[in-house]
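Read the structure below first, then the notes.
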Amino acid sequence: ICLATQDTEEIISIVTAIAPVFGGINLEDISAPRCFEIEARLQNLGIPVMHDDQHGTAVVALAGLINAAKVAKRKLSSLRIVIVGAGAAGSAIAKLVSPLVSDVISVDSRGIIYKTRPGLEVYKLNLARITNKKNLKGSMQDALVGADVVIGVSTAGILSGKDIALMAPRPIVFAMANPMPEIMPDEAKKAGAFIVATGRSDFSNQINNSLSFPGIFKGAMASKATRITDEMKLAAARALANLVKKPASDKIIPGPFDRGVVNAVSSAVSKIAKRRS
């Protein structure tokens with residue numbers, strides 16, 4: 001259902017009005033910061049409501065990260081990650097991943113996000129509270145020095161080979177901007193990247209939220225869950241990762257037409273939902 005409005009109150013009112021005839025609602029293409037308020041205020045409708053640009057993307061990114069760590073022979077918990085972009089997807093990835101890894105540093109157009117940075121919006125202040133444990137300050141390049149992973153959810157061309165060269169040896173690069181990534185795979189690999197993923201289907205390792213939201217909603221609705229929790233998202237990410245039986249540098253995530261994806265994700269989500277009920 002396409003709504004001819006970008007007004008927060010109108011969107012909330014319309015979704016609330018139509019909710020009784022739906023088993024779940026997947027929100028799409030609502031930009032930050034209003035997407036955070038809209039989703040939060042729709043959590044008491046008695047059906048699962050999820051903003052896919054945030055959480056669907058975060059689930060698939062985490063699944064790819066789990067397998068990338070395996071291929072790189074690194075412990076997930078030891079990884080230091082820089083997320084370039086602090087909008088809907090970047091914020092959700094940081095929130096989902098930060099409890100599982102050594103540290104996450106979020107970067108926006110003004111540089112590193114830290115707790116005492118002047119002029120922080122409320123949602124970025126909330127992000128600062130769960131990331132950047134050492135309260136690092138400075139530019140994107142300052143954040144990248146020695147980092148194991150960079151996840152780009154920003155704009156085309158914002159990363160260069162010189163930026164990748166600042167990172168730890170054999171870094172993992174997720175350049176997820178569409179249609180043009182933050183850095184092209186060949187340039188990233190030339191600069192030393194070991195594993196590269198993008199949001200595009202014409203490169204290996206496509207990180208696309210279409211891998212997650214159908215199974216998440218199927219599992220949530222089948223188990224009569226009224227909300228989609230972080231625990232469900234983590235289970236969905238692990239289920240996606242486990243579908244790749246032999247992860248490799250060019251195969252860290254299932255393909256979009258893998259017939260096992262929806263059932264694997266829905267089963268994992270349903271198990272968590274039933275355990276909580």
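Each chain in the structure tokens gets a letter, A, B and so on, in the order shown; residues start at 1 in every chain, and ligands are counted from 1 in the order they appear.
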Quiz item: Near Leu76 (chain A), counting only C-alpha atoms, which residues have an atom at most 12 Å away, once you skip same-chain residues fewer than 2 positions from it, shown as an NGL selection string?
Solution: :A and (62-74 or 78-81 or 97-103 or 148-149 or 172)
Emit the selected residues as a PDB file, in the first residue's frame, including N, CA and C atoms.
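Output below, filename part.pdb:
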```
ATOM      1  N   LEU A  62      24.140  -8.959   9.459  1.00  0.00           N
ATOM      2  CA  LEU A  62      24.704  -9.785  10.525  1.00  0.00           C
ATOM      3  C   LEU A  62      24.959 -11.209  10.043  1.00  0.00           C
ATOM      4  N   ALA A  63      24.040 -11.753   9.265  1.00  0.00           N
ATOM      5  CA  ALA A  63      24.241 -13.098   8.714  1.00  0.00           C
ATOM      6  C   ALA A  63      25.520 -13.155   7.883  1.00  0.00           C
ATOM      7  N   GLY A  64      25.695 -12.158   7.024  1.00  0.00           N
ATOM      8  CA  GLY A  64      26.911 -12.098   6.220  1.00  0.00           C
ATOM      9  C   GLY A  64      28.154 -11.937   7.072  1.00  0.00           C
ATOM     10  N   LEU A  65      28.039 -11.151   8.123  1.00  0.00           N
ATOM     11  CA  LEU A  65      29.177 -10.909   9.010  1.00  0.00           C
ATOM     12  C   LEU A  65      29.580 -12.182   9.754  1.00  0.00           C
ATOM     13  N   ILE A  66      28.597 -12.961  10.178  1.00  0.00           N
ATOM     14  CA  ILE A  66      28.877 -14.228  10.865  1.00  0.00           C
ATOM     15  C   ILE A  66      29.733 -15.133   9.985  1.00  0.00           C
ATOM     16  N   ASN A  67      29.334 -15.268   8.725  1.00  0.00           N
ATOM     17  CA  ASN A  67      30.086 -16.140   7.821  1.00  0.00           C
ATOM     18  C   ASN A  67      31.402 -15.521   7.370  1.00  0.00           C
ATOM     19  N   ALA A  68      31.421 -14.205   7.218  1.00  0.00           N
ATOM     20  CA  ALA A  68      32.677 -13.540   6.854  1.00  0.00           C
ATOM     21  C   ALA A  68      33.731 -13.757   7.931  1.00  0.00           C
ATOM     22  N   ALA A  69      33.311 -13.693   9.188  1.00  0.00           N
ATOM     23  CA  ALA A  69      34.242 -13.934  10.293  1.00  0.00           C
ATOM     24  C   ALA A  69      34.779 -15.363  10.244  1.00  0.00           C
ATOM     25  N   LYS A  70      33.909 -16.322   9.927  1.00  0.00           N
ATOM     26  CA  LYS A  70      34.349 -17.719   9.808  1.00  0.00           C
ATOM     27  C   LYS A  70      35.403 -17.869   8.714  1.00  0.00           C
ATOM     28  N   VAL A  71      35.115 -17.294   7.556  1.00  0.00           N
ATOM     29  CA  VAL A  71      36.032 -17.416   6.419  1.00  0.00           C
ATOM     30  C   VAL A  71      37.368 -16.739   6.729  1.00  0.00           C
ATOM     31  N   ALA A  72      37.306 -15.624   7.410  1.00  0.00           N
ATOM     32  CA  ALA A  72      38.523 -14.883   7.762  1.00  0.00           C
ATOM     33  C   ALA A  72      39.237 -15.462   8.979  1.00  0.00           C
ATOM     34  N   LYS A  73      38.620 -16.528   9.556  1.00  0.00           N
ATOM     35  CA  LYS A  73      39.176 -17.174  10.753  1.00  0.00           C
ATOM     36  C   LYS A  73      39.347 -16.172  11.900  1.00  0.00           C
ATOM     37  N   ARG A  74      38.301 -15.390  12.084  1.00  0.00           N
ATOM     38  CA  ARG A  74      38.267 -14.415  13.169  1.00  0.00           C
ATOM     39  C   ARG A  74      37.063 -14.690  14.052  1.00  0.00           C
ATOM     40  N   SER A  78      35.613 -10.566  18.509  1.00  0.00           N
ATOM     41  CA  SER A  78      36.854  -9.781  18.513  1.00  0.00           C
ATOM     42  C   SER A  78      36.856  -8.661  17.481  1.00  0.00           C
ATOM     43  N   LEU A  79      35.835  -8.621  16.629  1.00  0.00           N
ATOM     44  CA  LEU A  79      35.846  -7.687  15.504  1.00  0.00           C
ATOM     45  C   LEU A  79      35.597  -6.240  15.937  1.00  0.00           C
ATOM     46  N   ARG A  80      36.356  -5.349  15.334  1.00  0.00           N
ATOM     47  CA  ARG A  80      36.112  -3.911  15.496  1.00  0.00           C
ATOM     48  C   ARG A  80      35.515  -3.413  14.189  1.00  0.00           C
ATOM     49  N   ILE A  81      34.314  -2.862  14.280  1.00  0.00           N
ATOM     50  CA  ILE A  81      33.521  -2.548  13.094  1.00  0.00           C
ATOM     51  C   ILE A  81      33.259  -1.053  13.000  1.00  0.00           C
ATOM     52  N   VAL A  97      24.270  -5.519  16.077  1.00  0.00           N
ATOM     53  CA  VAL A  97      25.609  -6.115  16.065  1.00  0.00           C
ATOM     54  C   VAL A  97      26.422  -5.774  17.312  1.00  0.00           C
ATOM     55  N   SER A  98      26.231  -4.598  17.884  1.00  0.00           N
ATOM     56  CA  SER A  98      27.127  -4.116  18.947  1.00  0.00           C
ATOM     57  C   SER A  98      27.243  -5.050  20.156  1.00  0.00           C
ATOM     58  N   PRO A  99      26.183  -5.761  20.582  1.00  0.00           N
ATOM     59  CA  PRO A  99      26.370  -6.665  21.729  1.00  0.00           C
ATOM     60  C   PRO A  99      27.224  -7.888  21.414  1.00  0.00           C
ATOM     61  N   LEU A 100      27.480  -8.140  20.134  1.00  0.00           N
ATOM     62  CA  LEU A 100      28.140  -9.377  19.718  1.00  0.00           C
ATOM     63  C   LEU A 100      29.609  -9.203  19.378  1.00  0.00           C
ATOM     64  N   VAL A 101      30.078  -7.966  19.251  1.00  0.00           N
ATOM     65  CA  VAL A 101      31.435  -7.716  18.745  1.00  0.00           C
ATOM     66  C   VAL A 101      32.242  -6.866  19.729  1.00  0.00           C
ATOM     67  N   SER A 102      33.523  -6.694  19.416  1.00  0.00           N
ATOM     68  CA  SER A 102      34.417  -5.938  20.292  1.00  0.00           C
ATOM     69  C   SER A 102      33.995  -4.480  20.412  1.00  0.00           C
ATOM     70  N   ASP A 103      33.761  -3.850  19.282  1.00  0.00           N
ATOM     71  CA  ASP A 103      33.330  -2.449  19.300  1.00  0.00           C
ATOM     72  C   ASP A 103      32.742  -2.080  17.952  1.00  0.00           C
ATOM     73  N   ASP A 148      38.600  -3.906  11.565  1.00  0.00           N
ATOM     74  CA  ASP A 148      38.509  -5.197  10.882  1.00  0.00           C
ATOM     75  C   ASP A 148      37.428  -5.206   9.812  1.00  0.00           C
ATOM     76  N   VAL A 149      36.384  -4.427  10.030  1.00  0.00           N
ATOM     77  CA  VAL A 149      35.211  -4.436   9.152  1.00  0.00           C
ATOM     78  C   VAL A 149      34.738  -3.011   8.923  1.00  0.00           C
ATOM     79  N   ILE A 172      37.261  -6.843   6.031  1.00  0.00           N
ATOM     80  CA  ILE A 172      35.957  -7.215   5.479  1.00  0.00           C
ATOM     81  C   ILE A 172      35.236  -5.924   5.123  1.00  0.00           C
TER      82      ILE A 172
END
```
Quiz item: So which residues touch Leu136 (chain A) within 12 Å, counting only C-alpha atoms, skipping near sequence neighbours fewer than 5 positions away, as a list in words?
Solution: Val82, Asp103, Val104, Ile105, Ser106, Val107, Gly111, Ile112, Ile113, Tyr114, Lys115, Thr116, Arg117, Ala128, Thr131, Gln141, Asp142, Ala143, Leu144 and Val145 of chain A
Hey, can you spit out that residue selection with N, CA and C atoms as an mmCIF file, in the first residue's frame?
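Saved to result_23.cif:
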```cif
data_model
loop_
_atom_site.group_PDB
_atom_site.id
_atom_site.type_symbol
_atom_site.label_atom_id
_atom_site.label_comp_id
_atom_site.auth_asym_id
_atom_site.auth_seq_id
_atom_site.Cartn_x
_atom_site.Cartn_y
_atom_site.Cartn_z
ATOM 1 N N VAL A 82 33.403 -0.521 11.805
ATOM 2 C CA VAL A 82 33.027 0.863 11.519
ATOM 3 C C VAL A 82 31.816 0.834 10.598
ATOM 4 N N ASP A 103 33.761 -3.850 19.282
ATOM 5 C CA ASP A 103 33.330 -2.449 19.300
ATOM 6 C C ASP A 103 32.742 -2.080 17.952
ATOM 7 N N VAL A 104 31.810 -1.161 17.980
ATOM 8 C CA VAL A 104 31.219 -0.587 16.775
ATOM 9 C C VAL A 104 31.402 0.918 16.849
ATOM 10 N N ILE A 105 31.882 1.493 15.779
ATOM 11 C CA ILE A 105 31.976 2.949 15.685
ATOM 12 C C ILE A 105 31.095 3.403 14.533
ATOM 13 N N SER A 106 30.136 4.253 14.818
ATOM 14 C CA SER A 106 29.247 4.784 13.789
ATOM 15 C C SER A 106 29.760 6.135 13.304
ATOM 16 N N VAL A 107 29.665 6.333 12.002
ATOM 17 C CA VAL A 107 30.155 7.559 11.368
ATOM 18 C C VAL A 107 29.047 8.155 10.516
ATOM 19 N N GLY A 111 31.452 12.962 10.727
ATOM 20 C CA GLY A 111 32.527 12.194 11.341
ATOM 21 C C GLY A 111 32.023 11.203 12.368
ATOM 22 N N ILE A 112 32.907 10.837 13.287
ATOM 23 C CA ILE A 112 32.590 9.825 14.294
ATOM 24 C C ILE A 112 31.510 10.337 15.247
ATOM 25 N N ILE A 113 30.574 9.460 15.561
ATOM 26 C CA ILE A 113 29.527 9.787 16.529
ATOM 27 C C ILE A 113 30.017 9.403 17.921
ATOM 28 N N TYR A 114 30.046 10.382 18.827
ATOM 29 C CA TYR A 114 30.450 10.121 20.210
ATOM 30 C C TYR A 114 29.513 10.885 21.138
ATOM 31 N N LYS A 115 29.466 10.456 22.394
ATOM 32 C CA LYS A 115 28.431 10.906 23.327
ATOM 33 C C LYS A 115 28.373 12.418 23.523
ATOM 34 N N THR A 116 29.523 13.062 23.535
ATOM 35 C CA THR A 116 29.544 14.500 23.845
ATOM 36 C C THR A 116 29.664 15.374 22.599
ATOM 37 N N ARG A 117 29.439 14.791 21.421
ATOM 38 C CA ARG A 117 29.549 15.595 20.203
ATOM 39 C C ARG A 117 28.440 16.639 20.164
ATOM 40 N N ALA A 128 25.141 6.614 20.165
ATOM 41 C CA ALA A 128 26.435 6.847 20.815
ATOM 42 C C ALA A 128 26.548 6.118 22.146
ATOM 43 N N THR A 131 27.681 2.449 21.337
ATOM 44 C CA THR A 131 28.813 2.256 20.433
ATOM 45 C C THR A 131 30.013 3.076 20.909
ATOM 46 N N GLN A 141 38.126 8.515 8.400
ATOM 47 C CA GLN A 141 39.453 7.906 8.269
ATOM 48 C C GLN A 141 40.046 7.571 9.638
ATOM 49 N N ASP A 142 39.828 8.426 10.620
ATOM 50 C CA ASP A 142 40.305 8.139 11.979
ATOM 51 C C ASP A 142 39.652 6.871 12.523
ATOM 52 N N ALA A 143 38.379 6.694 12.230
ATOM 53 C CA ALA A 143 37.662 5.503 12.690
ATOM 54 C C ALA A 143 38.180 4.242 12.012
ATOM 55 N N LEU A 144 38.548 4.348 10.743
ATOM 56 C CA LEU A 144 38.944 3.180 9.959
ATOM 57 C C LEU A 144 40.316 2.632 10.323
ATOM 58 N N VAL A 145 41.150 3.419 10.963
ATOM 59 C CA VAL A 145 42.510 2.961 11.284
ATOM 60 C C VAL A 145 42.447 1.703 12.156
#
```
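DSSP on the backbone gives strand (DSSP E) for these parts of region 49-261 of chain A: Val49, Met50, His51, Arg80, Ile81, Val82, Ile83, Val84, Asp103, Val104, Ile105, Ser106, Val107, Asp108, Gly111, Ile112, Val149, Val150, Ile151, Gly152, Ile172, Val173, Phe174, Ala175, Ile195, Val196, Ala197 and Thr198 of chain A.
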Residues of region 101-183 of chain A that have any atom at most 7 Å from an atom of region 194-211 of chain A: could you tabulate them with the shortest-distance atom pair and the distance in Å to one decimal, using only C-alpha atoms, ordered by chain and increasing number, as JSON lines?
```
{"residue": "A:Arg170", "atom": "CA", "partner": "A:Phe194", "partner_atom": "CA", "distance": 4.7}
{"residue": "A:Pro171", "atom": "CA", "partner": "A:Phe194", "partner_atom": "CA", "distance": 5.6}
{"residue": "A:Ile172", "atom": "CA", "partner": "A:Ile195", "partner_atom": "CA", "distance": 4.9}
{"residue": "A:Val173", "atom": "CA", "partner": "A:Val196", "partner_atom": "CA", "distance": 4.8}
{"residue": "A:Phe174", "atom": "CA", "partner": "A:Ala197", "partner_atom": "CA", "distance": 4.6}
{"residue": "A:Ala175", "atom": "CA", "partner": "A:Thr198", "partner_atom": "CA", "distance": 4.8}
{"residue": "A:Met176", "atom": "CA", "partner": "A:Thr198", "partner_atom": "CA", "distance": 4.6}
{"residue": "A:Ala177", "atom": "CA", "partner": "A:Gly199", "partner_atom": "CA", "distance": 6.4}
{"residue": "A:Asn178", "atom": "CA", "partner": "A:Gly199", "partner_atom": "CA", "distance": 6.2}
{"residue": "A:Pro181", "atom": "CA", "partner": "A:Thr198", "partner_atom": "CA", "distance": 6.6}
```
Using C-alpha atoms, can you write the selected residues to a file as a PDB file, in the first residue's frame?
```pdb
ATOM      1  CA  ARG A 170      42.644  -8.492   5.061  1.00  0.00           C
ATOM      2  CA  PRO A 171      39.613  -6.421   6.096  1.00  0.00           C
ATOM      3  CA  ILE A 172      35.957  -7.215   5.479  1.00  0.00           C
ATOM      4  CA  VAL A 173      34.127  -4.611   3.396  1.00  0.00           C
ATOM      5  CA  PHE A 174      30.338  -4.394   3.089  1.00  0.00           C
ATOM      6  CA  ALA A 175      29.591  -1.580   0.612  1.00  0.00           C
ATOM      7  CA  MET A 176      25.797  -1.640   0.574  1.00  0.00           C
ATOM      8  CA  ALA A 177      24.731   1.651  -1.043  1.00  0.00           C
ATOM      9  CA  ASN A 178      22.516   1.215  -4.115  1.00  0.00           C
ATOM     10  CA  PRO A 181      28.305   1.098  -3.689  1.00  0.00           C
TER      11      PRO A 181
END
```
Exercise. Give the helix (DSSP H, G or I) residues of region 128-185 of chain A, as DSSP finds them on the backbone, and put them as JSON, numbers by chain.
Key: {"A": [128, 129, 130, 140, 141, 142, 143, 144, 161, 162, 163, 164, 165, 185]}
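If you count only C-alpha atoms and ignore residues fewer than 4 places along the chain from Pro254 (chain A), what sits within 7 Å of it is Leu243, Val244 and Asp258 of chain A.
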Quiz item: Between A:Val122, A:Thr8, A:Leu127, A:Ala86, which one has atoms that come closest to Ile151 (chain A), using only C-alpha atoms?
Solution: A:Ala86
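Distance annotation: of A:Leu96, A:Ile216, A:Leu240, A:Ala188, the residue with the minimal separation from Asn26 (chain A) is A:Ile216; atom set is only C-alpha atoms.
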Exercise. Quick one: everything within 8 Å of Asp53 (chain A), counting only C-alpha atoms, minus sequence neighbours fewer than 4 positions away in the same chain. Send it as a PyMOL selection string.
Key: chain A and resi 27-30+57+88-89+209
